[in-house]
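Visitor: Following this line is final_13.csv, made up of CSV, C-alpha atoms:
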```csv
chain,number,residue,atom,x,y,z
V,1,MET,CA,12.3,-7.6,-11.8
V,2,VAL,CA,9.0,-8.0,-10.2
V,3,SER,CA,9.3,-10.6,-7.6
V,4,ALA,CA,8.4,-14.2,-8.3
V,5,ARG,CA,5.1,-13.6,-6.6
V,6,ARG,CA,4.1,-10.9,-9.2
V,7,ARG,CA,6.1,-11.7,-12.2
V,8,GLU,CA,3.2,-13.2,-14.1
V,9,SER,CA,1.7,-9.6,-14.1
V,10,VAL,CA,4.4,-8.1,-16.3
V,11,LEU,CA,4.1,-8.0,-20.0
V,12,LEU,CA,6.8,-7.0,-22.4
V,13,LEU,CA,6.3,-5.6,-25.8
V,14,LEU,CA,9.2,-6.3,-28.2
V,15,SER,CA,7.5,-4.3,-31.0
V,16,ALA,CA,4.1,-3.3,-32.1
V,17,CYS,CA,3.2,-6.9,-33.1
V,18,ASP,CA,5.5,-9.1,-30.9
V,19,VAL,CA,4.2,-9.7,-27.4
V,20,VAL,CA,6.2,-11.7,-24.9
V,21,VAL,CA,5.1,-12.5,-21.4
V,22,CYS,CA,7.9,-12.1,-18.9
V,23,ARG,CA,8.8,-15.4,-17.1
V,24,CYS,CA,12.3,-14.4,-16.1
V,25,VAL,CA,14.7,-11.6,-15.6
V,26,LEU,CA,16.5,-12.7,-18.8
V,27,GLU,CA,13.5,-11.4,-20.8
V,28,LEU,CA,13.4,-8.2,-18.8
V,29,HIS,CA,17.1,-7.8,-19.6
V,30,ALA,CA,16.5,-8.4,-23.3
V,31,ILE,CA,13.8,-5.7,-23.4
V,32,ALA,CA,16.0,-3.3,-21.4
V,33,ALA,CA,18.9,-3.7,-23.8
V,34,LYS,CA,16.6,-3.1,-26.8
V,35,LYS,CA,15.1,-0.1,-25.0
V,36,GLU,CA,18.7,1.3,-24.5
V,37,GLU,CA,19.1,1.0,-28.3
V,38,GLY,CA,15.8,2.9,-28.8
V,39,GLY,CA,13.7,-0.3,-29.4
V,40,GLY,CA,12.0,-2.3,-26.8
V,41,GLU,CA,9.1,-1.3,-24.6
V,42,PHE,CA,7.8,-2.4,-21.2
V,43,ALA,CA,4.1,-2.5,-20.4
V,44,VAL,CA,1.9,-4.1,-17.8
V,45,ALA,CA,-0.8,-6.6,-18.4
V,46,MET,CA,-3.0,-8.3,-15.9
V,47,THR,CA,-6.0,-10.6,-16.0
V,48,ALA,CA,-9.3,-9.0,-15.1
V,49,GLN,CA,-9.1,-10.8,-11.8
V,50,GLU,CA,-5.6,-9.6,-11.0
V,51,ARG,CA,-6.6,-6.0,-12.0
V,52,LEU,CA,-9.7,-6.2,-9.8
V,53,ARG,CA,-7.6,-7.5,-6.9
V,54,PHE,CA,-5.1,-4.7,-7.3
V,55,LEU,CA,-7.9,-2.0,-7.5
V,56,ARG,CA,-9.6,-3.3,-4.4
V,57,GLY,CA,-6.3,-3.4,-2.6
V,58,ILE,CA,-5.3,0.1,-3.5
V,59,LYS,CA,-8.8,1.5,-2.8
V,60,SER,CA,-8.8,0.0,0.7
V,61,SER,CA,-5.3,1.2,1.4
V,62,PHE,CA,-3.4,3.4,-0.9
V,63,LYS,CA,-0.3,1.9,0.6
V,64,GLU,CA,-0.8,-1.0,-1.8
V,65,TYR,CA,1.0,1.4,-4.1
V,66,TYR,CA,4.2,0.8,-2.1
V,67,THR,CA,3.5,-3.0,-1.9
V,68,MET,CA,3.4,-3.3,-5.7
V,69,LEU,CA,6.3,-1.0,-6.3
V,70,GLY,CA,8.3,-2.5,-3.5
V,71,THR,CA,8.5,-5.8,-5.3
V,72,VAL,CA,10.6,-4.3,-8.2
V,73,ASN,CA,14.1,-5.6,-7.7
V,74,ALA,CA,15.7,-7.4,-10.7
V,75,GLU,CA,18.7,-8.5,-8.6
V,76,THR,CA,16.5,-10.7,-6.4
V,77,SER,CA,15.2,-12.6,-9.3
V,78,GLU,CA,15.2,-16.4,-9.1
V,79,CYS,CA,16.2,-19.0,-11.7
V,80,SER,CA,15.6,-22.8,-11.7
V,81,ARG,CA,19.3,-23.4,-12.4
V,82,PRO,CA,21.9,-21.6,-10.3
V,83,ALA,CA,24.4,-21.6,-13.3
V,84,ASP,CA,21.8,-19.8,-15.5
V,85,ARG,CA,21.1,-17.3,-12.8
V,86,ALA,CA,24.8,-16.4,-12.4
V,87,SER,CA,25.2,-16.1,-16.2
V,88,ILE,CA,22.1,-13.9,-16.6
V,89,HIS,CA,23.1,-11.7,-13.7
V,90,ASP,CA,26.6,-11.3,-15.1
V,91,GLY,CA,25.1,-10.2,-18.4
V,92,ILE,CA,22.8,-7.7,-16.7
V,93,ARG,CA,25.7,-6.3,-14.6
V,94,SER,CA,27.8,-5.8,-17.8
V,95,SER,CA,25.1,-4.0,-19.8
V,96,VAL,CA,22.2,-2.0,-18.4
V,97,GLY,CA,22.8,-3.0,-14.7
V,98,PHE,CA,20.3,-4.0,-12.1
V,99,GLY,CA,19.6,-0.5,-10.9
V,100,LYS,CA,18.6,0.8,-14.3
V,101,LEU,CA,16.6,-2.4,-15.1
V,102,SER,CA,14.6,-2.1,-11.9
V,103,ARG,CA,14.0,1.6,-12.4
V,104,MET,CA,12.7,0.9,-15.9
V,105,VAL,CA,10.2,-1.6,-14.6
V,106,PHE,CA,9.4,0.7,-11.7
V,107,VAL,CA,8.5,3.6,-14.0
V,108,VAL,CA,6.2,1.4,-16.1
V,109,LEU,CA,4.4,0.1,-13.0
V,110,GLU,CA,4.0,3.6,-11.6
V,111,GLU,CA,2.6,4.9,-14.8
V,112,TRP,CA,0.3,1.9,-15.2
V,113,MET,CA,-1.1,2.4,-11.6
V,114,GLU,CA,-1.8,6.1,-12.3
V,115,GLY,CA,-3.6,5.2,-15.5
V,116,GLN,CA,-5.7,2.5,-13.8
V,117,LEU,CA,-6.8,5.0,-11.1
V,118,ARG,CA,-7.6,7.7,-13.7
V,119,ALA,CA,-9.6,5.1,-15.6
V,120,GLN,CA,-11.6,4.3,-12.4
V,121,VAL,CA,-12.4,8.0,-11.9
V,122,ALA,CA,-13.5,8.4,-15.5
V,123,SER,CA,-15.6,5.2,-15.3
V,124,GLY,CA,-17.4,6.5,-12.2
V,125,GLU,CA,-18.0,9.8,-13.8
V,126,ALA,CA,-19.3,8.3,-17.0
V,127,ALA,CA,-21.7,6.1,-15.1
V,128,GLY,CA,-23.0,9.0,-13.1
V,129,GLU,CA,-21.6,7.6,-9.9
V,130,ASP,CA,-20.0,10.8,-8.5
V,131,ALA,CA,-19.4,9.4,-5.0
V,132,GLU,CA,-17.5,6.4,-6.5
V,133,ALA,CA,-15.6,8.7,-8.9
V,134,MET,CA,-14.6,10.9,-5.9
V,135,GLU,CA,-13.4,7.9,-3.9
V,136,TRP,CA,-11.1,7.0,-6.8
V,137,ASN,CA,-10.1,10.6,-7.2
V,138,GLN,CA,-9.1,10.6,-3.5
V,139,THR,CA,-7.1,7.4,-3.9
V,140,LEU,CA,-5.3,8.9,-6.9
V,141,ALA,CA,-4.6,12.1,-4.9
V,142,LEU,CA,-3.1,10.1,-2.1
V,143,VAL,CA,-0.8,8.2,-4.5
V,144,LEU,CA,0.2,11.4,-6.3
V,145,MET,CA,1.0,13.0,-2.9
V,146,GLN,CA,3.2,10.0,-2.0
V,147,GLN,CA,5.0,10.5,-5.3
V,148,GLY,CA,5.7,14.1,-4.4
V,149,ARG,CA,3.4,15.4,-7.1
V,150,HIS,CA,1.7,17.8,-4.7
V,151,ALA,CA,0.2,20.2,-7.3
V,152,ASP,CA,-1.5,17.2,-9.1
V,153,ALA,CA,-2.7,15.8,-5.7
V,154,LEU,CA,-4.0,19.2,-4.7
V,155,ALA,CA,-6.1,19.4,-7.9
V,156,MET,CA,-7.6,16.0,-7.2
V,157,GLY,CA,-8.3,17.0,-3.6
V,158,GLU,CA,-10.0,20.2,-4.7
V,159,GLN,CA,-12.3,18.2,-6.9
V,160,VAL,CA,-13.2,16.0,-3.9
V,161,LEU,CA,-13.8,19.1,-1.7
V,162,GLU,CA,-16.0,20.7,-4.4
V,163,PHE,CA,-18.0,17.4,-4.5
V,164,GLN,CA,-18.4,17.4,-0.7
V,165,ARG,CA,-19.6,21.0,-0.7
V,166,ARG,CA,-22.1,20.1,-3.3
V,167,VAL,CA,-23.6,17.0,-1.7
V,168,LEU,CA,-23.1,17.4,2.1
V,169,PRO,CA,-24.9,19.8,4.4
V,170,ALA,CA,-23.1,23.2,4.7
V,171,ASN,CA,-21.7,22.5,8.2
V,172,HIS,CA,-21.0,18.8,7.8
V,173,PRO,CA,-17.8,17.9,9.7
V,174,SER,CA,-16.4,15.8,6.8
V,175,ILE,CA,-16.2,18.8,4.5
V,176,GLY,CA,-12.6,19.7,3.9
V,177,GLU,CA,-11.1,16.4,5.0
V,178,GLY,CA,-10.4,15.8,1.4
V,179,CYS,CA,-7.4,13.5,1.1
V,180,ALA,CA,-7.0,13.2,4.8
V,181,SER,CA,-9.8,10.6,5.2
V,182,ARG,CA,-12.1,8.5,3.1
V,183,ASP,CA,-14.9,8.9,5.7
V,184,ALA,CA,-16.0,12.1,4.1
V,185,LEU,CA,-17.0,10.3,0.9
V,186,HIS,CA,-18.6,7.5,2.7
V,187,ALA,CA,-20.8,10.0,4.6
V,188,VAL,CA,-22.6,10.9,1.3
```
Could I get this structure in the form of structure tokens?
Guide:
Amino acid sequence: MVSARRRESVLLLLSACDVVVCRCVLELHAIAAKKEEGGGEFAVAMTAQERLRFLRGIKSSFKEYYTMLGTVNAETSECSRPADRASIHDGIRSSVGFGKLSRMVFVVLEEWMEGQLRAQVASGEAAGEDAEAMEWNQTLALVLMQQGRHADALAMGEQVLEFQRRVLPANHPSIGEGCASRDALHAV
């Protein structure tokens, strides 16, 4: 479960037409059980303000990636009534389990974050704001590198390097820093 601080940012889709906002781990469990049967689906929804706050945070420090994913732990979920919490937790333990439930939510959040970063790259490119697109490309490369997706990160880094070579003077000290530093993009 996303911690109480972030639980309002999780949206669950029961089917193509039924949308339920997650307010508790019980709803997460219900979707996970449906998913195990080949039914339910998790997805993320945020208000425009929450999305902007997330993007600003991850752009200023790609470690926000860990902050968001680090909140995924269904077993630490809270409930207003202790008896309800015990019953719900027993139900989770006897079906999908907390580990699997947390991993399901984790995967959805990870895919959502990548999609958001790729959308920012595309938006910058579409607007003709190459430097902005490359900053997002660099952030995406850092996140992919942290995921162990080195080939994908390298491809993003190569795009940043090509951009630097195109817009910076030939002997500029920032060329080649790629994913190592955001300073190279701010020098443009």
Visitor: Looking at all atoms listed in the file, which of V:Ile175, V:Ile31, V:Ala45, V:Met156 is the one that sits closest to Val96 (chain V)?
Guide: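 Comparing V:Ile175, V:Ile31, V:Ala45, V:Met156 against Val96 (chain V), the winner is V:Ile31.
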Visitor: CA of Ile58 (chain V) and CA of Ala126 (chain V), how far apart in Å?
Guide: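 Interatomic distance, CA of Ala126 (chain V) to CA of Ile58 (chain V): 21.1 Å.
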Visitor: Between V:Thr71, V:Glu41, V:Gln146, V:Met113, which has the minimum distance to Phe54 (chain V) (counting only C-alpha atoms)?
Guide: V:Met113
Visitor: Rank nothing, just name the residue among V:Ser102, V:Asn73, V:Thr67, V:Thr139 nearest to Leu117 (chain V), using all atoms listed in the file.
Guide: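 Closest residue, counting all atoms listed in the file: V:Thr139.
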Visitor: Here is a test: counting all atoms listed in the file, which residue of V:Asp84, V:Glu114, V:Asp152, V:Glu75 is nearest to Leu28 (chain V)?
Guide: V:Glu75
Visitor: Distance CA of Ala83 (chain V)-CA of Lys100 (chain V), one decimal place?
Guide: 23.2 Å
Visitor: List the spatial neighbours of Gln147 (chain V) as a list in words - criterion: any atom at most 12 Å away, all atoms listed in the file, same-chain residues fewer than 6 positions off excluded.
Guide: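 In the requested format, the answer is Phe62, Lys63, Tyr65, Tyr66, Leu69, Val107, Glu110, Glu111, Met113, Glu114, Leu140, Ala141 and Ala153 of chain V.
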Visitor: I need the chosen residues saved as an mmCIF file, in the coordinates of the input, with C-alpha atoms.
Guide:
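Once everything was written out, this is part_28.cif:
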```cif
data_model
loop_
_atom_site.group_PDB
_atom_site.id
_atom_site.type_symbol
_atom_site.label_atom_id
_atom_site.label_comp_id
_atom_site.auth_asym_id
_atom_site.auth_seq_id
_atom_site.Cartn_x
_atom_site.Cartn_y
_atom_site.Cartn_z
ATOM 1 C CA PHE V 62 -3.400 3.400 -0.900
ATOM 2 C CA LYS V 63 -0.300 1.900 0.600
ATOM 3 C CA TYR V 65 1.000 1.400 -4.100
ATOM 4 C CA TYR V 66 4.200 0.800 -2.100
ATOM 5 C CA LEU V 69 6.300 -1.000 -6.300
ATOM 6 C CA VAL V 107 8.500 3.600 -14.000
ATOM 7 C CA GLU V 110 4.000 3.600 -11.600
ATOM 8 C CA GLU V 111 2.600 4.900 -14.800
ATOM 9 C CA MET V 113 -1.100 2.400 -11.600
ATOM 10 C CA GLU V 114 -1.800 6.100 -12.300
ATOM 11 C CA LEU V 140 -5.300 8.900 -6.900
ATOM 12 C CA ALA V 141 -4.600 12.100 -4.900
ATOM 13 C CA ALA V 153 -2.700 15.800 -5.700
#
```
Visitor: Tell me, in Å to one decimal, how far CA of Asp90 (chain V) is from CA of His29 (chain V).
Guide: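 CA of His29 (chain V) lies at a distance of 11.1 Å from CA of Asp90 (chain V).
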Visitor: From the list V:Ala43, V:Leu144, V:Leu154, V:Val72, which residue is nearest Leu101 (chain V) when using all atoms listed in the file?
Guide: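 Between V:Ala43, V:Leu144, V:Leu154, V:Val72, the residue approaching Leu101 (chain V) most closely is V:Val72.
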Visitor: List the neighbours of Phe98 (chain V) out to 12 Å using only C-alpha atoms; skip same-chain residues closer than 4 positions along the sequence, and give me the result as JSON, numbers by chain.
Guide: {"V": [1, 25, 26, 28, 29, 32, 33, 72, 73, 74, 75, 76, 77, 88, 89, 90, 91, 92, 93, 94, 102, 103, 104, 105, 106]}
Visitor: Taking into account only C-alpha atoms, which residue in the set V:Ala30, V:Ala131, V:Ala119, V:Met145 is nearest to Gly97 (chain V)?
Guide: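 The answer is V:Ala30, which sits nearest to Gly97 (chain V).
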Visitor: Please determine an axis-aligned box that encloses all atoms of region 157-173 of chain V listed in the file, with 5 Å added on each side, and express its centre and edge lengths in Å to one decimal as lines of an AutoDock Vina configuration file.
Guide:
```
center_x = -16.6
center_y = 19.6
center_z = 1.4
size_x = 26.6
size_y = 17.2
size_z = 26.6
```
